[in-house]
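Structure first, then comments.
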Amino acid sequence: MRRAFISAAVAALMGTASAQTLKDCRDHHRRGRLEEARRCFVQQAQSADAYLRAEGLWGAGDYQAANAAFRLAVEQHPKNPDYRVRWGRLFLERRQPQDAADLFAEALKLRGDHAGALLGLALQAAEQFESKAVELAEQAAALDRNLVEARELLARLALEENNSARAIQQADQALAISAEALDAMAVRATMDWLNDRPSTAWLERILKLNPVYGEVYAMAGRFFVLNRRYEEGIAFYRKALELNPRLWEARAQLGLNLMRLGADEEARRHLELCYRNGYQSDATVNSLRLLDSYGNFVIVQSGPGVLKLHKKEAAILRPYFERELQRGLRAFEQKYRMKLTRPVRVEVYPDHEDFAVRTLGMPGLGALGVSFGYVVAMDSPSGRRPGHYHWASTLWHELNHVFVLAATRHRAPRWFTEGMAVYEETVVAPDWGDRLTPEIILAIREWKLLPVAELDRGFVRPSYPSQVVVSYYQAGRICAYIVEKWGFEKLLEMLQAFGELRGTPEVIEQALGMKPEQFDRQFRAWLEAATQATVKNFDEWKKRIADLNKLARAQDYDAVMREGGAVRDLFPEYVEAGNAYQLMAEACFAQGRKPDAVAELQRYAAAGGKDPALLKKLAAGLEEMGRRKAAARALERLNYIYPQDEELHRKLGELLLAEGDAGGAVREFEAAIALQPVDAAASHYQLARALRQAGRLAEAKERVLLALEAAPGYRPAQKMLLELTAEENNQPKGTTK
Amino acid sequence: MRIMALWLAGLCTLEAAHFYVTVAGLGGEPEYEQRFAAWAQEIDQVLRGSGGQTRVTTLHGSQATRARLSEALETVARETAPQDALVLMLIGHGTFDGHEYKFNLPGPDLSAGELAAMLSRVRAARQVIINMTSASGGSLAALQRSERVVITATRSGMQKDATIFPRYWIEALRDPAADADKNEVITALEAFRYADQKTVRFFETQKRLASEHALLEDTGGGEGVRAPSAENGRGLLAGAFPLVRFGQAQAAAQDPEKRKLAARREELEQQIDQLKYQKAALPLKEYRKRLAALLLDLAKTQAELDK
């Protein structure tokens with residue numbers, strides 16, 4: 001009896017406790033009763049059932065043990081797809097998307113119509129900004145009409161594409177299924193905030209259900225950042241953490257975005273807090289590592305801007321970046337009739353993966369530069385293979401973003417921001433900016449270009465591999481078309497309208513006096529006419545350029561010359577590997593026809609060719625023909641492409657000096673010295689010559705002494721030292737130069 | 001490098017001969033066959049055009065066998081005197097099995113140990129061996145000896161990719177920019193620094209992981225180093241070893257009328273060297289003032305010499 005009594009008492013106690021089910025735990029969590037939820041999950045974690053134990057451990061934050069329990073649950077119930085889906089969701093939450101996707105796929109093998117598995121795949125695709133996310137979420141929603149999360153995801157995806165109508169529709173459908181669909185309400189609240197309506201009724205509804213639902217602010221933070229409204233995004237992340245300091249993803253995002261804006265110390269504090277609390281996502285760890293490396297950079301005040309350069313290349317890059325930064329700021333201030341209110345900070349990364357981490361927290365970014373408002377981060381010219389990157393064009397592109405974002409208070413849609421920047425690159429110089437590429441030609445031929453009102457989708461969630469590149473091109477051409485047909489003023493008018501938070505259809509209609517559909521038709525006709533010949537000839541060009549390369553390899557130069565011109569003119573924008581300009585120039589050189597070779601290389605340069613070896617050949621050819629000024633111009637192009645080339649600066653310095661441009665020669669010889677040349681003595685001596693010609697005699701003497709310190713027996717330097725000393729002695733007392 | 005200039009003065013009076021042996025080994029593929037042979041021919045051309053008392057032997061293609069190399073080194077052994085110098089340059093593929101390095105040649109290969117044995121019969125006290133093959137780092141230990149400079153294109157036998165160091169080594173032999181101290185002599189150390197820097201930049205520019213790291217060893221023991229300096233005690237012998245001369249330095253030094261001026265020049269050069277050693281201990285302003293005065297004096301002396 002006694003034994004039975006004790007058991008009954010324990011059972012009663014346990015009964016009270018075990019009355020709490022997994023559903024109860026989730027309900028506590030959902031209502032913001034976080035402590036109750038935690039206790040409930042801890043209790044579930046004691047369960048004899050492996051699956052319940054896994055859920056409990058997950059809810060209690062013991063992810064490793066949860067993982068082990070899920071593994072056991074799946075082993076015990078190999079035919080149960082639900083367990084695999086939940087395990088996958090754990091992986092998704094812990095940022096292991098591939099493991100998650102594998103489990104969702106396994107669940108679908110067990111049951112092909114498993115809505116939860118499809119939703120899991122949709123969530124995973126959404127994280128990677130893959131276009132299939134929408135399709136998968138729709139499939140899940142169709143299979144399970146009560147799947148609130150699928151509708152919530154569809155609402156988020158629509159909002160990412162700036163499709164407000166669809167976002168509202170999907171959020172409302174979610175709310176029709178459950179009036180407590182918190183994320184659907186969060187989408188609606190975010191939309192209000194994005195539209196500058198700070199007081200939203202949705203927030204009240206959310207907090208009534210869950211007073212610590214920081215996720216609503218975290219979602220808003222994410223969307224503000226996606227819309228390049230970084231400072232507001234940061235403010236939302238802060239609010240999220242005020243409600244719930246344990247939202248580690250929100251804290252990590254706060255850290256990443258603070259880092260984007262250059263607030264490195266505060267960023268580090270948040271990221272380290274995440275790390276110490278077990279939130280060690282790749283982005284968090286990568287960013288902390290990058291912050292550790294910032295000691296290798298120097299900060300340089302540069303007029304209206306600030307440059308952050310790696311120590312190892314600061315001396316060589318500084319003069320060129322300073323010049324372009326100042327030139328770009330001046331040009332845009334004048335053109336956009338506005339003054340920036342803060343200095344622009346330009347960060348230049350020699351390691352592309354550092355730039356990627358700086359931008360996304362993760363390596364593998366395809367971009368060359370990125371603007372976070374007044375902060376620009378970009379690849380250094382040394383971060384890419386010579387000839388594959390025009391850093392000055394990228395810098396101007398990003399500087400244009402600074403102006404467009406400032407002018408619109410970060411409210412311009414992505415297509416317009418990118419379009420303006422792409423357009424402005426070629427305004428600086430026609431050979432800057434990206435060229436028409438084969439993939440763009442194919443997109444035009446098959447008309448894969450998007451309607452202007454939907455063009456943001458091409459940037460955010462591309463539906464084919466080259467769509468981002470195609471969208472950049474399209475956006476740039478749209479701006480060029482508007483300028484050509486209506487004048488640049490129309491772009492400024494649109495800029496202002498976007499700043500007033502008007503959508504693309506409204507802005508097009510108001511500024512250009514036509515519906516977006518009509519604009520699309522007219523733009524298409526204009527673009528097709530402009531590219532007609534190249535698009536039509538593309539297949540023929542493909543075949544003939546391959547043949548031309550074969551002829552060049554066989555050294556059949558007569559045939560190359562016979563065919564080359566026609567092949568080149570089929571697709572004159574093609575300046576990449578194996579281009580017709582190069583093959584023809586090489587054939588001309590081989591046949592001793594230097595003037596023809598030079599002319600061909602000039603055409604190559606004008607078409608935007610960037611290969612340093614070819615541009616150097618052009619310069620050498622021009623110099624041989626006695627055209628030193630043109631030779632110097634050819635080499636100056638290379639300063640915008642790959643300035644980390646000692647030979648370039650030495651040669652350019654000599655040309656400029658011979659042409660009487662002593663100031664330019666000083667700049668170039670200083671650049672050569674910054675590259676720590678093998679022949680330090682000769683480099684100092686050349687700089688001394690330029691300084692002397694520029695009338696800077698005291699500096700010239702300093703330099704010639706440096707040359708002689710490296711090589712005391714260097715005759716030309718000795719001669720100059722004697723001459724400078726004699727000149728110095730002949731100067732009247734009290735005068736200096 | 002001033003120490004080298006003093007060495008040279010001594011060498012001039014002794015009329016030492018320089019023996020150059022260049023071998024381009026087995027390419028294995030037409031592309032490499034052509035490349036290695038072309039490099040060897042370029043070296044041959046530079047050396048034959050450099051004047052002075054030089055004996056040049058170049059082997060490539062089917063001639064570059066172990067027997068022919070042995071024969072060439074036997075000849076050198078017979079003809080050299082202790083005051084002479086030997087420069088041996090190896091181009092091509094090498095292999096390393098973890099214990100032994102082998103230079104790939106048509107027919108039987110040649111191990112580093114066998115090569116060292118052949119070289120030991122050469123009486124020339126001063127020798128420079130430049131092994132520019134893949135895996136050449138694996139040959140360093142077997143080849144090092146006192147009074148011998150050993151340069152390898154790779155830091156170990158495990159760096160097995162075909163090397164590009166030879167391309168820049170050849171460039172160093174004919175580019176006046178390699179003559180860092182502008183004394184019209186390119187030393188083994190200057191050529192090493194030039195070729196190494198260019199090789200490093202090649203990999204950096206091409207965004208490729210460097211698959212070779214050249215080493216220099218000239219003390220007869222210990223590891224080779226990437227950056228020879230007074231601190232690591234490497235480079236003294238290499239800096240005193242002229243590979244290629246150009247200009248009129250030698251002729252001027254032999255003019256009896258100008259010996260007094262030449263002596264004054266050498267005295268000034270030594271003072272400059274001493275001052276440079278004291279640089280860290282002197283206030284910068286004082287160092288610069290004294291250096292400027294010495295350099296000006298040197299320039300005036302040289303101007304007198306050049307009259």
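Just remember, in the structure tokens the first chain shown is A, the second B, etc., residues are 1-based per chain, and ligands are 1-based in the order shown.
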List every residue of chain A that has an atom at most 7 Å from any atom of chain B, giving for each one its closest atom pair and the distance in Å to one decimal, counting only C-alpha atoms, sorted by chain and then by ascending residue number, as CSV.
```
residue,atom,partner,partner_atom,distance
A:Arg385,CA,B:Gln206,CA,5.7
A:Pro386,CA,B:Thr205,CA,6.9
A:Val678,CA,B:Tyr194,CA,6.0
A:Asp679,CA,B:Ala177,CA,5.0
A:Ala680,CA,B:Ala180,CA,7.0
A:Ala681,CA,B:Ala180,CA,6.7
A:Leu705,CA,B:Ala292,CA,6.6
A:Leu708,CA,B:Leu295,CA,7.0
A:Ala710,CA,B:Asp181,CA,6.1
A:Ala711,CA,B:Asp181,CA,3.9
A:Pro712,CA,B:Leu295,CA,6.6
A:Gly713,CA,B:Asn183,CA,6.0
A:Tyr714,CA,B:Lys182,CA,5.0
A:Gln718,CA,B:Ala299,CA,4.8
A:Lys719,CA,B:Ala299,CA,6.9
A:Leu721,CA,B:Leu296,CA,6.9
A:Leu722,CA,B:Ala299,CA,6.9
```
Keeping only N, CA and C atoms, write the selected residues to a file as an mmCIF file, in the first residue's frame.
```
data_model
loop_
_atom_site.group_PDB
_atom_site.id
_atom_site.type_symbol
_atom_site.label_atom_id
_atom_site.label_comp_id
_atom_site.auth_asym_id
_atom_site.auth_seq_id
_atom_site.Cartn_x
_atom_site.Cartn_y
_atom_site.Cartn_z
ATOM 1 N N ARG A 385 42.464 39.561 -61.273
ATOM 2 C CA ARG A 385 43.546 39.386 -62.258
ATOM 3 C C ARG A 385 43.613 40.623 -63.146
ATOM 4 N N PRO A 386 44.833 41.075 -63.465
ATOM 5 C CA PRO A 386 44.963 42.273 -64.288
ATOM 6 C C PRO A 386 44.172 42.142 -65.592
ATOM 7 N N VAL A 678 62.737 46.469 -57.800
ATOM 8 C CA VAL A 678 64.017 45.769 -57.659
ATOM 9 C C VAL A 678 65.132 46.798 -57.772
ATOM 10 N N ASP A 679 64.986 47.699 -58.738
ATOM 11 C CA ASP A 679 66.023 48.687 -59.002
ATOM 12 C C ASP A 679 65.658 49.992 -58.296
ATOM 13 N N ALA A 680 65.872 50.011 -56.981
ATOM 14 C CA ALA A 680 65.462 51.176 -56.187
ATOM 15 C C ALA A 680 66.260 52.414 -56.595
ATOM 16 N N ALA A 681 67.554 52.232 -56.858
ATOM 17 C CA ALA A 681 68.402 53.381 -57.184
ATOM 18 C C ALA A 681 67.905 54.084 -58.439
ATOM 19 N N LEU A 705 70.018 61.689 -53.492
ATOM 20 C CA LEU A 705 70.817 61.118 -52.398
ATOM 21 C C LEU A 705 70.313 59.723 -52.033
ATOM 22 N N LEU A 708 71.683 57.384 -54.494
ATOM 23 C CA LEU A 708 73.096 57.096 -54.256
ATOM 24 C C LEU A 708 73.310 56.313 -52.965
ATOM 25 N N ALA A 710 71.459 53.882 -52.142
ATOM 26 C CA ALA A 710 71.272 52.497 -52.605
ATOM 27 C C ALA A 710 72.432 52.059 -53.491
ATOM 28 N N ALA A 711 72.937 52.975 -54.294
ATOM 29 C CA ALA A 711 74.008 52.632 -55.242
ATOM 30 C C ALA A 711 74.978 53.795 -55.314
ATOM 31 N N PRO A 712 75.979 53.846 -54.412
ATOM 32 C CA PRO A 712 76.869 55.013 -54.352
ATOM 33 C C PRO A 712 77.610 55.303 -55.663
ATOM 34 N N GLY A 713 77.828 54.258 -56.459
ATOM 35 C CA GLY A 713 78.589 54.462 -57.692
ATOM 36 C C GLY A 713 77.734 54.723 -58.917
ATOM 37 N N TYR A 714 76.500 55.071 -58.723
ATOM 38 C CA TYR A 714 75.558 55.232 -59.840
ATOM 39 C C TYR A 714 75.883 56.546 -60.562
ATOM 40 N N GLN A 718 75.241 60.505 -59.640
ATOM 41 C CA GLN A 718 76.386 61.307 -59.176
ATOM 42 C C GLN A 718 76.455 62.622 -59.962
ATOM 43 N N LYS A 719 76.234 62.507 -61.240
ATOM 44 C CA LYS A 719 76.305 63.691 -62.102
ATOM 45 C C LYS A 719 75.226 64.701 -61.676
ATOM 46 N N LEU A 721 73.816 64.952 -58.786
ATOM 47 C CA LEU A 721 74.121 65.493 -57.459
ATOM 48 C C LEU A 721 75.094 66.672 -57.595
ATOM 49 N N LEU A 722 76.096 66.476 -58.448
ATOM 50 C CA LEU A 722 77.064 67.562 -58.656
ATOM 51 C C LEU A 722 76.378 68.787 -59.254
#
```
Within stretch 112-265 of chain B, find each residue whose DSSP state, derived from the backbone, is strand (DSSP E), and express the selection as a PyMOL selection string. chain B and resi 126-131+148-152+185-187+215-217+242-245
Could you check how far atom CA of B:Lys160 sits from atom CA of B:Gly137, in Å to one decimal? 9.7 Å
Taking 3 positions as the minimum chain separation for residues in the same chain, which residues sit within 12 Å of B:Asn232 when counting only C-alpha atoms? Answer as a ChimeraX atom specification. /B:216-219,222-229,235-236
Which of stretch 127-181 of chain B end up as helix (DSSP H, G or I) when DSSP is run on this backbone - answer as a list in words?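 Residues of stretch 127-181 of chain B classed as helix (DSSP H, G or I): Ser136, Gly137, Gly138, Ser139, Leu140, Ala141, Ala142, Leu143, Phe165, Pro166, Arg167, Tyr168, Trp169, Ile170, Glu171, Ala172, Leu173, Arg174, Pro176, Ala177 and Ala178 of chain B.
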Would you mind exporting the chosen residues as an mmCIF file, in the first residue's frame, restricted to N, CA and C atoms?
```cif
data_model
loop_
_atom_site.group_PDB
_atom_site.id
_atom_site.type_symbol
_atom_site.label_atom_id
_atom_site.label_comp_id
_atom_site.auth_asym_id
_atom_site.auth_seq_id
_atom_site.Cartn_x
_atom_site.Cartn_y
_atom_site.Cartn_z
ATOM 1 N N SER B 136 63.694 21.338 -56.984
ATOM 2 C CA SER B 136 65.130 21.579 -56.807
ATOM 3 C C SER B 136 65.528 21.795 -55.344
ATOM 4 N N GLY B 137 64.571 22.230 -54.527
ATOM 5 C CA GLY B 137 64.868 22.395 -53.095
ATOM 6 C C GLY B 137 65.392 21.104 -52.483
ATOM 7 N N GLY B 138 64.994 19.975 -53.081
ATOM 8 C CA GLY B 138 65.433 18.668 -52.589
ATOM 9 C C GLY B 138 66.905 18.401 -52.835
ATOM 10 N N SER B 139 67.552 19.233 -53.657
ATOM 11 C CA SER B 139 68.969 19.006 -53.978
ATOM 12 C C SER B 139 69.900 19.830 -53.106
ATOM 13 N N LEU B 140 69.341 20.757 -52.342
ATOM 14 C CA LEU B 140 70.175 21.745 -51.644
ATOM 15 C C LEU B 140 71.167 21.099 -50.673
ATOM 16 N N ALA B 141 70.650 20.194 -49.870
ATOM 17 C CA ALA B 141 71.511 19.601 -48.829
ATOM 18 C C ALA B 141 72.699 18.872 -49.452
ATOM 19 N N ALA B 142 72.461 18.167 -50.556
ATOM 20 C CA ALA B 142 73.545 17.404 -51.175
ATOM 21 C C ALA B 142 74.565 18.307 -51.846
ATOM 22 N N LEU B 143 74.123 19.465 -52.320
ATOM 23 C CA LEU B 143 75.011 20.316 -53.108
ATOM 24 C C LEU B 143 75.798 21.329 -52.272
ATOM 25 N N PHE B 165 60.844 30.389 -62.305
ATOM 26 C CA PHE B 165 62.030 31.112 -61.813
ATOM 27 C C PHE B 165 63.076 31.316 -62.919
ATOM 28 N N PRO B 166 63.342 30.294 -63.771
ATOM 29 C CA PRO B 166 64.386 30.485 -64.793
ATOM 30 C C PRO B 166 64.101 31.668 -65.712
ATOM 31 N N ARG B 167 62.816 31.881 -66.015
ATOM 32 C CA ARG B 167 62.469 32.984 -66.910
ATOM 33 C C ARG B 167 63.021 34.295 -66.344
ATOM 34 N N TYR B 168 62.853 34.493 -65.031
ATOM 35 C CA TYR B 168 63.272 35.756 -64.420
ATOM 36 C C TYR B 168 64.768 35.767 -64.107
ATOM 37 N N TRP B 169 65.330 34.593 -63.953
ATOM 38 C CA TRP B 169 66.792 34.506 -63.773
ATOM 39 C C TRP B 169 67.479 35.013 -65.046
ATOM 40 N N ILE B 170 66.980 34.567 -66.193
ATOM 41 C CA ILE B 170 67.546 35.006 -67.474
ATOM 42 C C ILE B 170 67.363 36.517 -67.626
ATOM 43 N N GLU B 171 66.191 36.994 -67.244
ATOM 44 C CA GLU B 171 65.911 38.434 -67.323
ATOM 45 C C GLU B 171 66.937 39.197 -66.468
ATOM 46 N N ALA B 172 67.234 38.625 -65.297
ATOM 47 C CA ALA B 172 68.182 39.285 -64.387
ATOM 48 C C ALA B 172 69.561 39.424 -65.030
ATOM 49 N N LEU B 173 69.944 38.415 -65.813
ATOM 50 C CA LEU B 173 71.292 38.439 -66.406
ATOM 51 C C LEU B 173 71.439 39.529 -67.460
ATOM 52 N N ARG B 174 70.302 39.967 -68.012
ATOM 53 C CA ARG B 174 70.451 40.973 -69.080
ATOM 54 C C ARG B 174 69.761 42.292 -68.790
ATOM 55 N N PRO B 176 69.729 45.660 -66.834
ATOM 56 C CA PRO B 176 70.564 46.501 -65.956
ATOM 57 C C PRO B 176 69.865 46.835 -64.635
ATOM 58 N N ALA B 177 68.544 46.714 -64.627
ATOM 59 C CA ALA B 177 67.822 46.997 -63.375
ATOM 60 C C ALA B 177 68.211 45.999 -62.277
ATOM 61 N N ALA B 178 68.696 44.828 -62.688
ATOM 62 C CA ALA B 178 69.109 43.839 -61.676
ATOM 63 C C ALA B 178 70.372 44.292 -60.943
#
```
Between atom CA of A:Asp661 and atom CA of A:Gln301, distance in Å (one decimal):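 About the pair atom CA of A:Asp661 and atom CA of A:Gln301: they are 26.9 Å apart.
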Kindly give the distance, in Å, that separates atom CA of A:Glu204 and atom CA of A:Ala189, rounded to a single decimal.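 A separation of 9.6 Å between them.
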Shortest contact to B:Pro82, candidates B:Gln274, B:Ser62, B:Ser211, B:Gln127, atoms counted only C-alpha atoms, goes to B:Gln127
Which residues are close to A:Gln602, i.e. within 9 Å by only C-alpha atoms, leaving aside same-chain residues fewer than 5 positions away? Reply as a ChimeraX atom specification. /A:597,607,615,618,634
Got a sec: who's within 12 Å of stretch 118-123 of chain A, counting only C-alpha atoms, leaving out chain neighbours fewer than 3 positions off, as an MDAnalysis selection string? chainID A and resid 81:82 84:93 95 97:109 111:115 126:144 147:154 156:157
Point out the residue among A:Tyr481, A:Tyr349, A:Ala587, A:Pro465 with the least atom-to-atom distance to A:Arg553, counting only C-alpha atoms.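 Nearest to A:Arg553: A:Ala587.
Counting only C-alpha atoms, the residue from A:Glu249, A:Glu75, A:Glu424, A:Glu35 that sits nearest to A:Leu491 is A:Glu424.
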For A:Leu317, list every protein, DNA or RNA residue within 10 Å, evaluated using only C-alpha atoms, and leave out those in the same chain fewer than 2 positions away; present the list as a PyMOL selection string. chain A and resi 307+309-310+312-315+319-322+348+380-382+639+643-644+671+674
Selected residues, N, CA and C atoms, written as a PDB file, in the first residue's frame, please.
```pdb
ATOM      1  N   LEU A 307      39.619  57.324 -46.984  1.00  0.00           N
ATOM      2  CA  LEU A 307      40.000  56.070 -47.643  1.00  0.00           C
ATOM      3  C   LEU A 307      40.498  55.085 -46.597  1.00  0.00           C
ATOM      4  N   LEU A 309      42.638  51.798 -46.669  1.00  0.00           N
ATOM      5  CA  LEU A 309      43.464  51.025 -47.604  1.00  0.00           C
ATOM      6  C   LEU A 309      44.339  50.044 -46.846  1.00  0.00           C
ATOM      7  N   HIS A 310      44.594  48.922 -47.462  1.00  0.00           N
ATOM      8  CA  HIS A 310      45.491  47.952 -46.832  1.00  0.00           C
ATOM      9  C   HIS A 310      46.897  48.535 -46.809  1.00  0.00           C
ATOM     10  N   LYS A 312      49.723  47.346 -47.158  1.00  0.00           N
ATOM     11  CA  LYS A 312      50.703  46.910 -48.154  1.00  0.00           C
ATOM     12  C   LYS A 312      50.532  47.626 -49.497  1.00  0.00           C
ATOM     13  N   GLU A 313      49.368  48.261 -49.717  1.00  0.00           N
ATOM     14  CA  GLU A 313      49.182  48.914 -51.011  1.00  0.00           C
ATOM     15  C   GLU A 313      48.684  50.346 -50.874  1.00  0.00           C
ATOM     16  N   ALA A 314      48.695  50.868 -49.660  1.00  0.00           N
ATOM     17  CA  ALA A 314      48.183  52.230 -49.444  1.00  0.00           C
ATOM     18  C   ALA A 314      48.991  53.250 -50.244  1.00  0.00           C
ATOM     19  N   ALA A 315      50.305  53.100 -50.258  1.00  0.00           N
ATOM     20  CA  ALA A 315      51.147  54.101 -50.927  1.00  0.00           C
ATOM     21  C   ALA A 315      50.883  54.142 -52.423  1.00  0.00           C
ATOM     22  N   PRO A 319      47.154  57.926 -54.254  1.00  0.00           N
ATOM     23  CA  PRO A 319      46.990  59.061 -55.165  1.00  0.00           C
ATOM     24  C   PRO A 319      45.913  58.846 -56.219  1.00  0.00           C
ATOM     25  N   TYR A 320      45.807  57.618 -56.715  1.00  0.00           N
ATOM     26  CA  TYR A 320      44.834  57.359 -57.784  1.00  0.00           C
ATOM     27  C   TYR A 320      43.410  57.346 -57.236  1.00  0.00           C
ATOM     28  N   PHE A 321      43.221  56.715 -56.078  1.00  0.00           N
ATOM     29  CA  PHE A 321      41.878  56.676 -55.479  1.00  0.00           C
ATOM     30  C   PHE A 321      41.452  58.066 -55.020  1.00  0.00           C
ATOM     31  N   GLU A 322      42.405  58.806 -54.454  1.00  0.00           N
ATOM     32  CA  GLU A 322      42.070  60.164 -54.008  1.00  0.00           C
ATOM     33  C   GLU A 322      41.585  60.998 -55.182  1.00  0.00           C
ATOM     34  N   VAL A 348      38.903  49.665 -49.428  1.00  0.00           N
ATOM     35  CA  VAL A 348      39.433  48.924 -50.584  1.00  0.00           C
ATOM     36  C   VAL A 348      40.115  47.647 -50.082  1.00  0.00           C
ATOM     37  N   SER A 380      40.076  45.811 -54.353  1.00  0.00           N
ATOM     38  CA  SER A 380      41.254  46.544 -54.811  1.00  0.00           C
ATOM     39  C   SER A 380      41.582  46.031 -56.216  1.00  0.00           C
ATOM     40  N   PRO A 381      42.262  46.853 -57.013  1.00  0.00           N
ATOM     41  CA  PRO A 381      42.708  46.318 -58.311  1.00  0.00           C
ATOM     42  C   PRO A 381      43.550  45.059 -58.150  1.00  0.00           C
ATOM     43  N   SER A 382      44.257  44.938 -57.009  1.00  0.00           N
ATOM     44  CA  SER A 382      45.082  43.740 -56.814  1.00  0.00           C
ATOM     45  C   SER A 382      44.236  42.532 -56.429  1.00  0.00           C
ATOM     46  N   ASN A 639      46.245  52.782 -65.517  1.00  0.00           N
ATOM     47  CA  ASN A 639      46.177  53.194 -64.109  1.00  0.00           C
ATOM     48  C   ASN A 639      44.793  52.943 -63.533  1.00  0.00           C
ATOM     49  N   PRO A 643      46.957  49.399 -61.447  1.00  0.00           N
ATOM     50  CA  PRO A 643      48.077  50.315 -61.169  1.00  0.00           C
ATOM     51  C   PRO A 643      49.255  49.647 -60.469  1.00  0.00           C
ATOM     52  N   GLN A 644      49.089  48.391 -60.038  1.00  0.00           N
ATOM     53  CA  GLN A 644      50.188  47.722 -59.316  1.00  0.00           C
ATOM     54  C   GLN A 644      51.207  47.147 -60.297  1.00  0.00           C
ATOM     55  N   ALA A 671      54.750  56.442 -57.782  1.00  0.00           N
ATOM     56  CA  ALA A 671      54.001  55.177 -57.788  1.00  0.00           C
ATOM     57  C   ALA A 671      54.955  54.005 -57.985  1.00  0.00           C
ATOM     58  N   ALA A 674      56.604  53.286 -54.807  1.00  0.00           N
ATOM     59  CA  ALA A 674      55.674  52.675 -53.843  1.00  0.00           C
ATOM     60  C   ALA A 674      55.566  51.172 -54.052  1.00  0.00           C
TER      61      ALA A 674
END
```
Find the spatial neighbours of A:Ala580, counting only C-alpha atoms, within a cut-off of 8 Å - ignore same-chain residues fewer than 4 positions away - and output them as a ChimeraX atom specification. /A:545,548,564-565,567-568,575,584
